[in-house]
$ cat entry-v8.cif   # mmCIF, N, CA and C atoms
data_target
#
loop_
_atom_site.label_atom_id
_atom_site.label_comp_id
_atom_site.auth_asym_id
_atom_site.auth_seq_id
_atom_site.Cartn_x
_atom_site.Cartn_y
_atom_site.Cartn_z
N MET A 1 9.22 9.40 12.95
CA MET A 1 9.37 8.54 11.78
C MET A 1 9.49 7.09 12.24
N THR A 2 8.89 6.21 11.50
CA THR A 2 8.98 4.78 11.77
C THR A 2 10.19 4.21 11.05
N TYR A 3 11.05 3.52 11.80
CA TYR A 3 12.24 2.91 11.21
C TYR A 3 12.00 1.43 10.99
N LEU A 4 12.35 0.97 9.80
CA LEU A 4 12.14 -0.43 9.41
C LEU A 4 13.46 -1.06 8.99
N GLU A 5 13.44 -2.38 8.87
CA GLU A 5 14.61 -3.08 8.35
C GLU A 5 14.90 -2.58 6.94
N GLU A 6 16.14 -2.74 6.52
CA GLU A 6 16.57 -2.23 5.22
C GLU A 6 15.74 -2.79 4.07
N ASP A 7 15.45 -4.10 4.09
CA ASP A 7 14.67 -4.69 3.00
C ASP A 7 13.23 -4.17 2.99
N SER A 8 12.67 -3.97 4.18
CA SER A 8 11.31 -3.42 4.26
C SER A 8 11.30 -1.99 3.75
N GLU A 9 12.32 -1.22 4.12
CA GLU A 9 12.41 0.17 3.67
C GLU A 9 12.52 0.24 2.14
N ARG A 10 13.27 -0.69 1.55
CA ARG A 10 13.38 -0.74 0.08
C ARG A 10 12.02 -1.05 -0.54
N GLY A 11 11.28 -1.95 0.07
CA GLY A 11 9.93 -2.25 -0.43
C GLY A 11 9.02 -1.03 -0.36
N ILE A 12 9.12 -0.27 0.72
CA ILE A 12 8.33 0.96 0.85
C ILE A 12 8.71 1.94 -0.26
N GLN A 13 10.01 2.08 -0.52
CA GLN A 13 10.47 2.99 -1.57
C GLN A 13 9.94 2.57 -2.95
N LEU A 14 9.95 1.28 -3.23
CA LEU A 14 9.42 0.78 -4.50
C LEU A 14 7.92 1.05 -4.61
N PHE A 15 7.19 0.83 -3.52
CA PHE A 15 5.76 1.10 -3.49
C PHE A 15 5.49 2.58 -3.75
N MET A 16 6.27 3.45 -3.09
CA MET A 16 6.10 4.90 -3.26
C MET A 16 6.30 5.30 -4.72
N ALA A 17 7.30 4.73 -5.36
CA ALA A 17 7.57 5.05 -6.76
C ALA A 17 6.45 4.56 -7.67
N GLU A 18 5.99 3.34 -7.43
CA GLU A 18 4.95 2.76 -8.29
C GLU A 18 3.63 3.51 -8.18
N TYR A 19 3.25 3.91 -6.97
CA TYR A 19 1.95 4.54 -6.76
C TYR A 19 2.03 6.07 -6.64
N ALA A 20 3.22 6.62 -6.79
CA ALA A 20 3.43 8.07 -6.74
C ALA A 20 2.83 8.69 -5.47
N VAL A 21 3.20 8.12 -4.33
CA VAL A 21 2.72 8.62 -3.04
C VAL A 21 3.93 8.86 -2.14
N ASN A 22 3.73 9.70 -1.11
CA ASN A 22 4.80 9.92 -0.15
C ASN A 22 4.86 8.76 0.85
N ARG A 23 5.85 8.76 1.71
CA ARG A 23 6.05 7.66 2.64
C ARG A 23 4.86 7.48 3.58
N GLU A 24 4.36 8.57 4.11
CA GLU A 24 3.22 8.49 5.02
C GLU A 24 2.00 7.84 4.35
N GLU A 25 1.70 8.26 3.13
CA GLU A 25 0.56 7.69 2.41
C GLU A 25 0.82 6.23 2.05
N ALA A 26 2.06 5.90 1.68
CA ALA A 26 2.39 4.51 1.36
C ALA A 26 2.16 3.61 2.57
N LEU A 27 2.65 4.03 3.73
CA LEU A 27 2.46 3.23 4.94
C LEU A 27 0.98 3.11 5.30
N ARG A 28 0.22 4.19 5.13
CA ARG A 28 -1.22 4.14 5.41
C ARG A 28 -1.90 3.13 4.51
N LEU A 29 -1.59 3.17 3.21
CA LEU A 29 -2.22 2.25 2.26
C LEU A 29 -1.82 0.80 2.52
N ILE A 30 -0.55 0.58 2.79
CA ILE A 30 -0.07 -0.78 3.04
C ILE A 30 -0.71 -1.37 4.29
N VAL A 31 -0.76 -0.59 5.36
CA VAL A 31 -1.36 -1.09 6.61
C VAL A 31 -2.84 -1.36 6.42
N ARG A 32 -3.57 -0.45 5.74
CA ARG A 32 -5.00 -0.67 5.50
C ARG A 32 -5.23 -1.94 4.68
N ASP A 33 -4.39 -2.14 3.66
CA ASP A 33 -4.53 -3.33 2.83
C ASP A 33 -4.27 -4.59 3.65
N TRP A 34 -3.22 -4.59 4.46
CA TRP A 34 -2.91 -5.75 5.29
C TRP A 34 -4.03 -6.02 6.28
N LEU A 35 -4.50 -4.99 6.96
CA LEU A 35 -5.59 -5.16 7.93
C LEU A 35 -6.85 -5.71 7.25
N GLY A 36 -7.16 -5.19 6.08
CA GLY A 36 -8.34 -5.66 5.35
C GLY A 36 -8.19 -7.09 4.86
N SER A 37 -7.01 -7.43 4.35
CA SER A 37 -6.82 -8.77 3.81
C SER A 37 -6.74 -9.83 4.90
N HIS A 38 -6.54 -9.43 6.13
CA HIS A 38 -6.49 -10.35 7.26
C HIS A 38 -7.75 -10.29 8.12
N GLY A 39 -8.78 -9.60 7.62
CA GLY A 39 -10.07 -9.59 8.29
C GLY A 39 -10.21 -8.62 9.45
N TYR A 40 -9.27 -7.71 9.62
CA TYR A 40 -9.35 -6.76 10.72
C TYR A 40 -10.04 -5.46 10.34
N LEU A 41 -10.28 -5.25 9.04
CA LEU A 41 -10.84 -4.00 8.54
C LEU A 41 -11.61 -4.29 7.27
N ALA A 42 -12.82 -3.76 7.18
CA ALA A 42 -13.60 -3.91 5.95
C ALA A 42 -13.11 -2.87 4.94
N LEU A 43 -12.64 -3.34 3.78
CA LEU A 43 -12.16 -2.44 2.74
C LEU A 43 -13.25 -2.17 1.71
N THR A 44 -13.22 -0.97 1.13
CA THR A 44 -14.11 -0.67 0.02
C THR A 44 -13.59 -1.40 -1.21
N GLU A 45 -14.38 -1.47 -2.25
CA GLU A 45 -13.96 -2.15 -3.48
C GLU A 45 -12.71 -1.50 -4.05
N ASP A 46 -12.64 -0.17 -4.05
CA ASP A 46 -11.46 0.53 -4.56
C ASP A 46 -10.22 0.18 -3.75
N GLU A 47 -10.32 0.15 -2.43
CA GLU A 47 -9.18 -0.15 -1.58
C GLU A 47 -8.71 -1.59 -1.77
N SER A 48 -9.61 -2.50 -2.06
CA SER A 48 -9.22 -3.89 -2.23
C SER A 48 -8.46 -4.11 -3.54
N GLU A 49 -8.40 -3.11 -4.40
CA GLU A 49 -7.66 -3.19 -5.65
C GLU A 49 -6.16 -3.15 -5.43
N LEU A 50 -5.70 -2.73 -4.25
CA LEU A 50 -4.28 -2.57 -3.98
C LEU A 50 -3.48 -3.81 -4.30
N GLY A 51 -3.95 -4.97 -3.93
CA GLY A 51 -3.20 -6.19 -4.13
C GLY A 51 -3.28 -6.76 -5.52
N LYS A 52 -4.06 -6.18 -6.39
CA LYS A 52 -4.21 -6.72 -7.75
C LYS A 52 -3.13 -6.19 -8.66
N ASP A 53 -2.87 -6.91 -9.72
CA ASP A 53 -1.84 -6.53 -10.69
C ASP A 53 -2.32 -5.36 -11.52
N THR A 54 -1.82 -4.17 -11.24
CA THR A 54 -2.26 -2.98 -11.96
C THR A 54 -1.65 -2.90 -13.35
N ALA A 55 -0.64 -3.72 -13.65
CA ALA A 55 -0.07 -3.71 -14.99
C ALA A 55 -1.08 -4.23 -16.00
N THR A 56 -1.95 -5.12 -15.57
CA THR A 56 -2.94 -5.66 -16.49
C THR A 56 -4.30 -4.99 -16.30
N ASP A 57 -4.48 -4.25 -15.21
CA ASP A 57 -5.75 -3.59 -14.95
C ASP A 57 -5.48 -2.13 -14.62
N GLU A 58 -5.42 -1.29 -15.66
CA GLU A 58 -5.07 0.11 -15.48
C GLU A 58 -6.19 0.90 -14.82
N THR A 59 -7.37 0.32 -14.64
CA THR A 59 -8.46 1.04 -13.99
C THR A 59 -8.41 0.90 -12.48
N ALA A 60 -7.51 0.08 -11.96
CA ALA A 60 -7.40 -0.12 -10.51
C ALA A 60 -6.95 1.17 -9.85
N THR A 61 -7.57 1.48 -8.71
CA THR A 61 -7.19 2.67 -7.95
C THR A 61 -6.92 2.31 -6.51
N LEU A 62 -6.33 3.23 -5.83
CA LEU A 62 -6.02 3.03 -4.41
C LEU A 62 -6.90 3.97 -3.61
N GLY A 63 -8.14 3.64 -3.43
CA GLY A 63 -9.01 4.46 -2.60
C GLY A 63 -9.10 5.90 -3.09
N GLY A 64 -9.07 6.11 -4.40
CA GLY A 64 -9.19 7.43 -4.96
C GLY A 64 -7.87 8.14 -5.14
N ALA A 65 -6.77 7.51 -4.77
CA ALA A 65 -5.46 8.16 -4.88
C ALA A 65 -4.99 8.16 -6.31
#
$ encode --input "entry-v8.cif" --output "structure tokens"
Amino acid sequence: MTYLEEDSERGIQLFMAEYAVNREEALRLIVRDWLGSHGYLALTEDESELGKDTATDETATLGGA
């Protein structure tokens, strides 16, 4: 298991609740999004939706999740 600072762990928990994913999937999605947004990984259109406000765009998906 990867151990993070308390505030980071809280952020992971909030992400898990919002996207209804387990911790492993949450970390995978977050890392892929960060790598893609910083030019280290080419993201598909669906994966690039992660950083968008899903409250206003209910069609946004997380790579099919």
$ axis_aligned_box --input "entry-v8.cif" --around "stretch 12-31 of chain A" --padding-each-side "6 Å" --output "AutoDock Vina command-line options"
--center_x 3.8 --center_y 4.3 --center_z -0.8 --size_x 25.3 --size_y 23.3 --size_z 26.9
$ atom_distance --input "entry-v8.cif" --atom1 "atom N of A:Leu14" --atom2 "atom N of A:Thr44"
23.7 Å
$ atom_distance --input "entry-v8.cif" --atom1 "atom CA of A:Leu43" --atom2 "atom N of A:Met1"
26.5 Å
$ residues_around --input "entry-v8.cif" --residues "stretch 24-31 of chain A" --least-positions-apart "4" --cutoff "7 Å" --atoms "all atoms listed in the file" --output "MDAnalysis selection string"
chainID A and resid 12 15:16 35:36
$ write_last_selection --input "entry-v8.cif" --atoms "N, CA and C atoms" --output "CSV table (one decimal), in the frame of the given file"
chain,number,residue,atom,x,y,z
A,12,ILE,N,9.1,-0.3,0.7
A,12,ILE,CA,8.3,1.0,0.8
A,12,ILE,C,8.7,1.9,-0.3
A,15,PHE,N,7.2,0.8,-3.5
A,15,PHE,CA,5.8,1.1,-3.5
A,15,PHE,C,5.5,2.6,-3.8
A,16,MET,N,6.3,3.4,-3.1
A,16,MET,CA,6.1,4.9,-3.3
A,16,MET,C,6.3,5.3,-4.7
A,35,LEU,N,-4.5,-5.0,7.0
A,35,LEU,CA,-5.6,-5.2,7.9
A,35,LEU,C,-6.8,-5.7,7.2
A,36,GLY,N,-7.2,-5.2,6.1
A,36,GLY,CA,-8.3,-5.7,5.4
A,36,GLY,C,-8.2,-7.1,4.9
$ atom_distance --input "entry-v8.cif" --atom1 "atom N of A:Arg23" --atom2 "atom C of A:Gly39"
24.9 Å
